[in-house]
file model-v8.txt (compact mmCIF, C-alpha atoms)
# COMPACT_ATOMS: atom_id res chain seq x y z
CA MET L 1 0.00 0.00 0.00
CA ASP L 2 1.50 3.30 -1.14
CA MET L 3 0.38 5.99 1.31
CA LYS L 4 2.88 8.58 0.10
CA THR L 5 1.84 12.10 -0.88
CA LYS L 6 3.55 15.36 -1.79
CA TYR L 7 2.77 18.71 -0.18
CA LEU L 8 4.62 22.03 -0.55
CA GLY L 9 7.48 20.24 -2.22
CA LEU L 10 7.81 17.82 0.70
CA ASP L 11 7.70 14.06 0.12
CA LEU L 12 5.52 12.71 2.94
CA ALA L 13 4.93 9.13 4.06
CA HIS L 14 1.17 9.71 4.35
CA PRO L 15 -1.34 12.59 4.21
CA LEU L 16 -2.06 12.99 7.97
CA ILE L 17 -0.23 16.04 9.36
CA PRO L 18 -0.54 17.49 12.87
CA GLY L 19 -1.86 20.99 12.22
CA ALA L 20 -1.11 24.23 14.03
CA SER L 21 -1.62 23.74 17.78
CA PRO L 22 -0.02 24.30 21.20
CA LEU L 23 1.44 20.77 21.00
CA VAL L 24 4.47 22.16 19.17
CA ASP L 25 5.43 24.27 22.20
CA ASP L 26 6.58 21.11 24.04
CA ILE L 27 9.51 19.29 22.45
CA ASP L 28 8.47 16.03 24.16
CA MET L 29 5.05 16.32 22.51
CA VAL L 30 6.75 16.89 19.18
CA ARG L 31 8.81 13.73 19.70
CA ARG L 32 5.61 11.82 20.50
CA LEU L 33 4.07 13.11 17.28
CA GLU L 34 7.12 11.94 15.37
CA ASP L 35 6.96 8.53 17.08
CA ALA L 36 3.27 8.33 16.12
CA GLY L 37 4.27 8.74 12.48
CA ALA L 38 3.79 12.45 11.85
CA PRO L 39 5.30 13.12 8.39
CA ALA L 40 5.58 16.87 9.08
CA ILE L 41 4.88 19.38 11.84
CA VAL L 42 2.93 22.63 11.40
CA MET L 43 3.81 25.36 13.89
CA HIS L 44 1.07 27.54 15.32
CA SER L 45 1.11 31.14 14.14
CA ILE L 46 3.44 33.81 15.39
CA PHE L 47 1.57 37.14 15.37
CA GLU L 48 3.13 40.40 14.30
CA GLU L 49 1.66 42.01 17.42
CA GLN L 50 3.85 39.71 19.51
CA ILE L 51 6.92 40.92 17.69
CA THR L 52 6.15 44.61 18.08
CA MET L 53 5.12 44.22 21.71
CA GLU L 54 8.52 42.72 22.55
CA GLY L 55 10.09 46.15 22.23
CA ASN L 56 10.18 48.12 25.49
CA SER L 57 8.76 51.22 23.89
CA THR L 58 5.81 49.27 22.53
CA ILE L 59 5.18 47.63 25.90
CA ARG L 60 5.13 51.07 27.54
CA ALA L 61 2.70 52.25 24.89
CA TYR L 62 0.56 49.19 25.54
CA GLU L 63 0.49 49.88 29.28
CA GLU L 64 -0.31 53.54 28.78
CA THR L 65 -3.11 52.75 26.34
CA THR L 66 -4.72 50.02 28.39
CA GLY L 67 -4.65 52.26 31.42
CA LEU L 68 -7.08 54.58 29.68
CA ASN L 69 -9.66 51.82 29.37
CA PRO L 70 -9.32 48.89 31.80
CA GLU L 71 -11.62 46.69 29.71
CA SER L 72 -9.20 46.86 26.76
CA GLU L 73 -6.70 44.77 28.73
CA ASN L 74 -8.81 41.72 27.87
CA TYR L 75 -8.79 42.31 24.11
CA PHE L 76 -5.23 41.26 23.33
CA PRO L 77 -2.82 39.07 25.34
CA LYS L 78 -0.05 40.73 27.30
CA PRO L 79 3.48 39.96 26.04
CA GLY L 80 4.12 37.37 28.77
CA GLU L 81 0.89 35.47 28.04
CA PHE L 82 2.08 34.06 24.73
CA ARG L 83 3.44 30.52 25.09
CA LEU L 84 6.37 31.34 22.80
CA GLY L 85 7.66 34.85 22.25
CA PRO L 86 9.23 35.77 18.90
CA ASP L 87 12.75 34.68 19.82
CA GLN L 88 11.53 31.50 21.51
CA TYR L 89 9.37 30.71 18.48
CA LEU L 90 12.35 30.81 16.14
CA GLU L 91 14.43 28.83 18.62
CA GLN L 92 11.68 26.19 18.82
CA ILE L 93 11.83 25.73 15.05
CA ARG L 94 15.60 25.21 15.33
CA ARG L 95 15.17 22.73 18.20
CA ILE L 96 12.54 20.69 16.37
CA LYS L 97 14.78 20.57 13.30
CA GLU L 98 17.76 19.47 15.39
CA MET L 99 15.97 16.92 17.55
CA THR L 100 13.62 15.30 15.02
CA SER L 101 13.77 14.18 11.42
CA VAL L 102 10.42 15.64 10.33
CA PRO L 103 10.06 18.75 8.15
CA VAL L 104 8.71 21.85 9.91
CA ILE L 105 6.16 24.26 8.44
CA GLY L 106 6.27 27.68 10.10
CA SER L 107 3.18 29.85 10.40
CA LEU L 108 2.88 33.63 10.36
CA ASN L 109 0.03 36.09 10.86
CA GLY L 110 1.09 39.62 10.03
CA VAL L 111 -0.50 43.04 9.87
CA THR L 112 1.91 45.28 7.93
CA ASP L 113 3.96 44.53 4.84
CA SER L 114 7.17 44.77 6.84
CA GLY L 115 5.80 42.38 9.45
CA TRP L 116 4.95 39.73 6.89
CA ILE L 117 8.19 40.11 4.96
CA ASP L 118 10.72 40.51 7.80
CA TYR L 119 9.44 37.67 9.90
CA ALA L 120 8.96 35.36 6.91
CA LYS L 121 12.72 35.76 6.35
CA LEU L 122 13.47 34.95 9.98
CA ILE L 123 11.30 31.83 9.93
CA GLN L 124 13.13 30.65 6.83
CA GLN L 125 16.51 31.39 8.44
CA ALA L 126 15.46 29.40 11.53
CA GLY L 127 15.26 26.32 9.31
CA ALA L 128 11.58 25.98 8.43
CA ASP L 129 11.03 23.81 5.36
CA ALA L 130 7.90 25.72 4.33
CA LEU L 131 5.75 28.60 5.54
CA GLU L 132 2.01 28.84 6.12
CA LEU L 133 0.53 32.34 5.85
CA ASN L 134 -2.37 32.59 8.25
CA VAL L 135 -4.37 35.43 6.67
CA TYR L 136 -6.96 35.42 9.46
CA TYR L 137 -8.60 38.79 9.01
CA LEU L 138 -12.05 40.04 10.00
CA SER L 139 -13.20 43.10 8.10
CA THR L 140 -15.34 45.35 10.29
CA ASN L 141 -14.89 48.49 8.19
CA VAL L 142 -18.10 49.20 6.26
CA SER L 143 -16.06 51.12 3.67
CA GLU L 144 -13.80 48.14 2.88
CA THR L 145 -14.94 46.23 -0.20
CA ALA L 146 -14.76 42.51 -0.84
CA LEU L 147 -12.24 43.22 -3.60
CA GLN L 148 -9.98 45.05 -1.13
CA VAL L 149 -10.13 42.18 1.35
CA GLU L 150 -9.20 39.63 -1.31
CA LYS L 151 -6.49 41.88 -2.77
CA ARG L 152 -4.92 42.06 0.68
CA ALA L 153 -4.43 38.27 0.77
CA ILE L 154 -3.13 38.20 -2.80
CA ASP L 155 -0.65 41.04 -2.22
CA ILE L 156 0.64 39.40 0.98
CA THR L 157 1.21 36.15 -0.88
CA ARG L 158 3.01 37.80 -3.76
CA LYS L 159 5.30 39.84 -1.48
CA VAL L 160 6.22 36.93 0.78
CA LYS L 161 6.88 34.65 -2.21
CA ALA L 162 9.26 37.28 -3.57
CA THR L 163 11.05 37.32 -0.21
CA VAL L 164 11.62 33.67 0.71
CA ASP L 165 12.85 30.61 -1.15
CA ILE L 166 10.83 28.02 0.76
CA PRO L 167 7.34 26.94 -0.37
CA VAL L 168 4.43 29.04 0.90
CA SER L 169 0.85 28.02 1.62
CA VAL L 170 -2.08 30.31 2.41
CA LYS L 171 -4.56 29.41 5.13
CA LEU L 172 -7.93 30.82 4.14
CA SER L 173 -11.29 31.32 5.77
CA VAL L 174 -14.49 30.39 3.99
CA PHE L 175 -15.80 33.97 4.15
CA TYR L 176 -14.93 35.25 0.70
CA SER L 177 -17.37 36.37 -1.98
CA SER L 178 -15.86 34.18 -4.71
CA LEU L 179 -13.53 31.60 -3.26
CA PRO L 180 -12.76 29.86 -6.60
CA ASN L 181 -11.62 33.13 -8.16
CA LEU L 182 -9.53 34.01 -5.10
CA ALA L 183 -7.93 30.55 -5.25
CA VAL L 184 -6.98 31.09 -8.89
CA GLU L 185 -5.55 34.54 -8.08
CA LEU L 186 -3.50 33.14 -5.19
CA ASP L 187 -2.32 30.40 -7.52
CA ALA L 188 -1.13 33.05 -9.96
CA ALA L 189 0.54 34.97 -7.12
CA GLY L 190 2.71 31.93 -6.45
CA ALA L 191 0.96 30.15 -3.57
CA ASP L 192 2.26 26.58 -3.37
CA GLY L 193 -0.69 25.42 -1.29
CA LEU L 194 -4.09 26.44 0.08
CA VAL L 195 -5.33 25.37 3.52
CA LEU L 196 -9.11 24.98 3.83
CA PHE L 197 -10.01 26.48 6.30
CA ASN L 198 -9.08 28.67 9.23
CA ARG L 199 -11.54 28.36 12.11
CA PHE L 200 -13.02 31.68 13.21
CA TYR L 201 -13.33 31.58 16.98
CA GLN L 202 -16.50 33.46 17.86
CA PRO L 203 -16.49 35.57 21.05
CA ASP L 204 -19.21 35.07 23.60
CA ILE L 205 -20.98 37.60 25.83
CA ASP L 206 -20.91 37.62 29.63
CA ILE L 207 -24.30 39.22 30.32
CA GLU L 208 -23.54 39.81 34.03
CA ALA L 209 -20.13 41.41 33.61
CA MET L 210 -21.20 43.04 30.31
CA GLU L 211 -17.99 41.86 28.66
CA VAL L 212 -16.97 40.16 25.46
CA VAL L 213 -15.19 36.93 26.45
CA PRO L 214 -13.14 34.41 24.44
CA SER L 215 -14.83 31.12 23.59
CA LEU L 216 -12.97 28.03 22.41
CA GLN L 217 -14.65 24.84 21.24
CA LEU L 218 -12.75 22.03 19.58
CA SER L 219 -14.05 20.89 16.22
CA ASP L 220 -15.98 17.74 15.39
CA SER L 221 -16.58 15.85 12.15
CA SER L 222 -19.59 18.01 11.24
CA GLU L 223 -17.22 20.88 10.41
CA LEU L 224 -15.60 18.79 7.71
CA LEU L 225 -18.50 19.11 5.26
CA MET L 226 -17.69 22.70 4.30
CA ARG L 227 -14.07 21.69 3.69
CA LEU L 228 -15.06 18.72 1.56
CA ARG L 229 -17.27 20.83 -0.66
CA TRP L 230 -14.63 23.44 -1.40
CA ALA L 231 -11.79 20.96 -1.76
CA ALA L 232 -13.93 19.14 -4.33
CA ILE L 233 -14.68 22.39 -6.17
CA LEU L 234 -11.02 23.51 -6.32
CA ALA L 235 -9.29 20.17 -6.97
CA GLY L 236 -7.93 19.88 -10.48
CA ARG L 237 -8.52 23.58 -11.19
CA ILE L 238 -5.48 25.06 -9.43
CA LYS L 239 -1.81 24.10 -9.37
CA ALA L 240 -1.43 24.69 -5.64
CA ASN L 241 -1.67 21.77 -3.24
CA ILE L 242 -4.82 21.50 -1.13
CA ALA L 243 -4.81 20.86 2.60
CA VAL L 244 -8.03 20.20 4.52
CA SER L 245 -7.97 21.54 8.07
CA GLY L 246 -10.87 21.36 10.51
CA GLY L 247 -13.16 18.44 11.26
CA VAL L 248 -10.82 15.49 10.58
CA HIS L 249 -11.42 13.12 13.50
CA THR L 250 -11.71 9.65 11.98
CA PRO L 251 -10.09 7.60 9.20
CA THR L 252 -13.31 8.10 7.23
CA ASP L 253 -12.91 11.87 7.50
CA ALA L 254 -9.39 11.64 6.09
CA ILE L 255 -10.51 9.34 3.25
CA LYS L 256 -13.33 11.70 2.27
CA SER L 257 -10.90 14.63 2.24
CA VAL L 258 -8.47 12.86 -0.09
CA MET L 259 -11.32 11.72 -2.34
CA CYS L 260 -12.40 15.35 -2.66
CA GLY L 261 -8.89 16.36 -3.71
CA ALA L 262 -6.83 17.05 -0.59
CA ASP L 263 -3.11 16.33 -0.80
CA VAL L 264 -2.92 16.33 3.01
CA VAL L 265 -5.23 16.73 5.98
CA GLN L 266 -4.26 18.70 9.07
CA VAL L 267 -5.39 17.15 12.36
CA VAL L 268 -5.61 19.25 15.52
CA SER L 269 -8.68 18.80 17.76
CA ALA L 270 -8.55 15.00 17.55
CA LEU L 271 -4.93 15.05 18.78
CA LEU L 272 -5.70 17.54 21.55
CA ARG L 273 -8.53 15.27 22.74
CA ASN L 274 -6.84 11.90 22.32
CA GLY L 275 -3.11 12.59 22.45
CA PRO L 276 -0.38 12.44 19.79
CA GLU L 277 -0.61 8.63 19.51
CA TYR L 278 -4.08 8.97 17.98
CA LEU L 279 -2.34 9.90 14.74
CA THR L 280 -1.23 6.26 14.40
CA ARG L 281 -4.83 5.06 14.74
CA LEU L 282 -5.95 7.46 12.02
CA ARG L 283 -3.21 6.33 9.65
CA ASP L 284 -3.76 2.61 10.32
CA GLY L 285 -7.52 2.97 9.94
CA MET L 286 -7.13 4.82 6.67
CA GLN L 287 -4.71 2.21 5.33
CA ALA L 288 -6.95 -0.69 6.39
CA TRP L 289 -9.96 0.81 4.57
CA MET L 290 -7.92 1.37 1.42
CA GLU L 291 -6.67 -2.22 1.46
CA GLU L 292 -10.19 -3.54 2.01
CA HIS L 293 -11.43 -1.53 -0.99
CA GLU L 294 -8.45 -2.51 -3.13
CA TYR L 295 -6.85 0.89 -3.50
CA GLU L 296 -3.18 0.65 -4.35
CA SER L 297 -2.23 4.21 -3.40
CA VAL L 298 -3.39 7.53 -2.02
CA ALA L 299 -2.71 9.01 -5.46
CA GLN L 300 -5.27 6.64 -6.99
CA MET L 301 -7.92 7.81 -4.54
CA ARG L 302 -7.14 11.53 -4.60
CA GLY L 303 -9.74 13.67 -6.33
CA SER L 304 -12.02 10.75 -7.27
CA MET L 305 -14.98 12.67 -5.81
CA SER L 306 -13.96 16.16 -6.95
CA LEU L 307 -16.18 18.40 -9.04
CA PHE L 308 -13.62 18.15 -11.85
CA ARG L 309 -14.04 14.35 -12.03
CA SER L 310 -17.54 13.92 -10.66
CA PRO L 311 -20.13 12.26 -12.94
CA ASN L 312 -22.71 14.44 -11.15
CA PRO L 313 -21.30 17.96 -10.69
CA ALA L 314 -24.71 19.23 -9.58
CA ALA L 315 -24.14 17.44 -6.27
CA PHE L 316 -21.76 20.25 -5.31
CA GLU L 317 -23.87 23.03 -6.77
CA ARG L 318 -27.36 24.56 -6.56
CA ALA L 319 -29.34 21.40 -7.36
CA ASN L 320 -28.10 19.67 -4.23
CA TYR L 321 -29.27 22.61 -2.11
CA GLN L 322 -32.79 22.29 -3.52
CA LYS L 323 -32.84 18.53 -3.08
CA ILE L 324 -31.83 18.71 0.58
CA LEU L 325 -34.59 21.21 1.33
CA GLN L 326 -37.23 19.14 -0.45
CA ASN L 327 -36.23 15.92 1.33
CA TRP L 328 -36.98 17.24 4.81
CA ARG L 329 -40.02 15.74 6.52
CA PRO L 330 -41.54 16.76 9.87
call {"tool": "encode", "arguments": {"input": "model-v8.txt", "output": "structure tokens"}}
result
Amino acid sequence: MDMKTKYLGLDLAHPLIPGASPLVDDIDMVRRLEDAGAPAIVMHSIFEEQITMEGNSTIRAYEETTGLNPESENYFPKPGEFRLGPDQYLEQIRRIKEMTSVPVIGSLNGVTDSGWIDYAKLIQQAGADALELNVYYLSTNVSETALQVEKRAIDITRKVKATVDIPVSVKLSVFYSSLPNLAVELDAAGADGLVLFNRFYQPDIDIEAMEVVPSLQLSDSSELLMRLRWAAILAGRIKANIAVSGGVHTPTDAIKSVMCGADVVQVVSALLRNGPEYLTRLRDGMQAWMEEHEYESVAQMRGSMSLFRSPNPAAFERANYQKILQNWRP
């Protein structure tokens, strides 16, 4: 059984990759992931705000600003609250590279052009084999158009690609007006991969304290459906690799993702719930199903249920929406 796949220029033993999570902050956890068969490690994002807040002048500005409005102290973490500061983040990449044999994919979420470009260089210099651009961005400006939001992601990709030599992927959200067109534009800008999708963590409201509070819920398999649909729509229509991220909890989830066109799947919540060793169970379960159904390789299975190869493209389009509504019975 040939489980091999290729992602961002990396030859991987199988498609199941530990995605961005706090697990990478602990080198022992990283070793456990490697022992469980992880073919690559994705770092969680380093945020440009962390980098700027490391400077003493910026910290003083932060303290002065938050003093004006005590509630604002809850909006963004203080410098010491990040698990890894900028220097420690780069050092952790170096340590993982030195102490394991797996490739490392860095992750960056910037704000300014200089933030994206300068830190992308540093992540490459630290030894990362590839870089994931986390373009998590929520537009709250009523004057900002959809075109401007999409252009922002495209410009970031183009500038970072012109800066580094390592492969670059772009982690997207589903909230774009025309995702297929954006994917094609990112492809043209040089993106080596697209990650579908970033999870938007929705804040909750404390009605007694009258505060906005963070809310974190791990994913489940129901979140996979949105990823499957868009992976199936994009597969075969762009040159960039496709990674599915969010909702992969079982071997069946991974198989569906590959059938819809994913080159890899990123697993996070399932590993946080069940430990790094769960990755072995996912891989073994996926391989057992493929053997039972007489697949010879992951490559043979990839994209078999994509829109590009589907005998019934309407299943991914408007007709399926109508059929689902009509099939409901009280």
call {"tool": "residues_around", "arguments": {"input": "model-v8.txt", "residues": "segment 183-188 of chain L", "least_positions_apart": "3", "cutoff": "6 Å", "atoms": "all atoms listed in the file", "output": "CSV table (one decimal) with C-alpha atoms, in the frame of the given file"}}
result
chain,number,residue,atom,x,y,z
L,154,ILE,CA,-3.1,38.2,-2.8
L,180,PRO,CA,-12.8,29.9,-6.6
L,191,ALA,CA,1.0,30.2,-3.6
call {"tool": "closest_residue", "arguments": {"input": "model-v8.txt", "among": "L:His14, L:Lys239, L:Arg302, L:Lys97", "to": "Val30 of chain L", "atoms": "all atoms listed in the file"}}
result
L:Lys97
call {"tool": "closest_atom_pairs", "arguments": {"input": "model-v8.txt", "of": "segment 166-244 of chain L", "to": "segment 263-266 of chain L", "cutoff": "10 Å", "atoms": "all atoms listed in the file", "output": "JSON lines"}}
result
{"residue": "L:Gly193", "atom": "CA", "partner": "L:Asp263", "partner_atom": "CA", "distance": 9.4}
{"residue": "L:Val195", "atom": "CA", "partner": "L:Gln266", "partner_atom": "CA", "distance": 8.7}
{"residue": "L:Leu196", "atom": "CA", "partner": "L:Val265", "partner_atom": "CA", "distance": 9.4}
{"residue": "L:Ala231", "atom": "CA", "partner": "L:Asp263", "partner_atom": "CA", "distance": 9.9}
{"residue": "L:Ala235", "atom": "CA", "partner": "L:Asp263", "partner_atom": "CA", "distance": 9.5}
{"residue": "L:Ala240", "atom": "CA", "partner": "L:Asp263", "partner_atom": "CA", "distance": 9.8}
{"residue": "L:Asn241", "atom": "CA", "partner": "L:Asp263", "partner_atom": "CA", "distance": 6.1}
{"residue": "L:Ile242", "atom": "CA", "partner": "L:Asp263", "partner_atom": "CA", "distance": 5.5}
{"residue": "L:Ala243", "atom": "CA", "partner": "L:Val264", "partner_atom": "CA", "distance": 4.9}
{"residue": "L:Val244", "atom": "CA", "partner": "L:Val265", "partner_atom": "CA", "distance": 4.7}
call {"tool": "write_last_selection", "arguments": {"input": "model-v8.txt", "atoms": "C-alpha atoms", "output": "PDB file, in the coordinates of the input"}}
result
ATOM      1  CA  GLY L 193      -0.690  25.420  -1.290  1.00  0.00           C
ATOM      2  CA  VAL L 195      -5.330  25.370   3.520  1.00  0.00           C
ATOM      3  CA  LEU L 196      -9.110  24.980   3.830  1.00  0.00           C
ATOM      4  CA  ALA L 231     -11.790  20.960  -1.760  1.00  0.00           C
ATOM      5  CA  ALA L 235      -9.290  20.170  -6.970  1.00  0.00           C
ATOM      6  CA  ALA L 240      -1.430  24.690  -5.640  1.00  0.00           C
ATOM      7  CA  ASN L 241      -1.670  21.770  -3.240  1.00  0.00           C
ATOM      8  CA  ILE L 242      -4.820  21.500  -1.130  1.00  0.00           C
ATOM      9  CA  ALA L 243      -4.810  20.860   2.600  1.00  0.00           C
ATOM     10  CA  VAL L 244      -8.030  20.200   4.520  1.00  0.00           C
TER      11      VAL L 244
END
call {"tool": "residues_around", "arguments": {"input": "model-v8.txt", "residues": "segment 217-227 of chain L", "least_positions_apart": "5", "cutoff": "10 Å", "atoms": "only C-alpha atoms", "output": "JSON, numbers by chain"}}
result
{"L": [174, 195, 196, 197, 199, 201, 202, 232, 233, 243, 244, 245, 246, 247, 248, 249, 250, 252, 253, 254, 256, 257, 260, 262, 268, 269, 270, 272, 273]}
call {"tool": "atom_distance", "arguments": {"input": "model-v8.txt", "atom1": "atom CA of Asp165 of chain L", "atom2": "atom CA of Leu131 of chain L"}}
result
10.0 Å
call {"tool": "atom_distance", "arguments": {"input": "model-v8.txt", "atom1": "atom CA of Leu234 of chain L", "atom2": "atom CA of Ala120 of chain L"}}
result
26.7 Å
call {"tool": "closest_residue", "arguments": {"input": "model-v8.txt", "among": "L:Pro251, L:Gly110, L:Gly127, L:Gly115", "to": "Glu98 of chain L", "atoms": "all atoms listed in the file"}}
result
L:Gly127
call {"tool": "atom_distance", "arguments": {"input": "model-v8.txt", "atom1": "atom CA of Gly190 of chain L", "atom2": "atom CA of Trp116 of chain L"}}
result
15.6 Å
call {"tool": "residues_around", "arguments": {"input": "model-v8.txt", "residues": "segment 303-305 of chain L", "least_positions_apart": "3", "cutoff": "6 Å", "atoms": "all atoms listed in the file", "output": "short mmCIF file (atom, residue, chain, number, x, y, z; two decimals) with C-alpha atoms, in the coordinates of the input"}}
result
data_model
loop_
_atom_site.label_atom_id
_atom_site.label_comp_id
_atom_site.auth_asym_id
_atom_site.auth_seq_id
_atom_site.Cartn_x
_atom_site.Cartn_y
_atom_site.Cartn_z
CA MET L 259 -11.32 11.72 -2.34
CA CYS L 260 -12.40 15.35 -2.66
CA GLY L 261 -8.89 16.36 -3.71
CA SER L 310 -17.54 13.92 -10.66
#
call {"tool": "closest_residue", "arguments": {"input": "model-v8.txt", "among": "L:Arg152, L:Arg94, L:Lys159, L:His44", "to": "Gly106 of chain L", "atoms": "all atoms listed in the file"}}
result
L:His44
call {"tool": "closest_residue", "arguments": {"input": "model-v8.txt", "among": "L:Ala20, L:Leu90, L:Ala146, L:Met210", "to": "Asn134 of chain L", "atoms": "only C-alpha atoms"}}
result
L:Ala20
call {"tool": "closest_residue", "arguments": {"input": "model-v8.txt", "among": "L:Arg237, L:Lys161, L:Arg31, L:Arg95", "to": "Phe308 of chain L", "atoms": "all atoms listed in the file"}}
result
L:Arg237
call {"tool": "residues_around", "arguments": {"input": "model-v8.txt", "residues": "Leu194 of chain L", "least_positions_apart": "6", "cutoff": "6 Å", "atoms": "only C-alpha atoms", "output": "NGL selection string"}}
result
:L and (169-171 or 242)
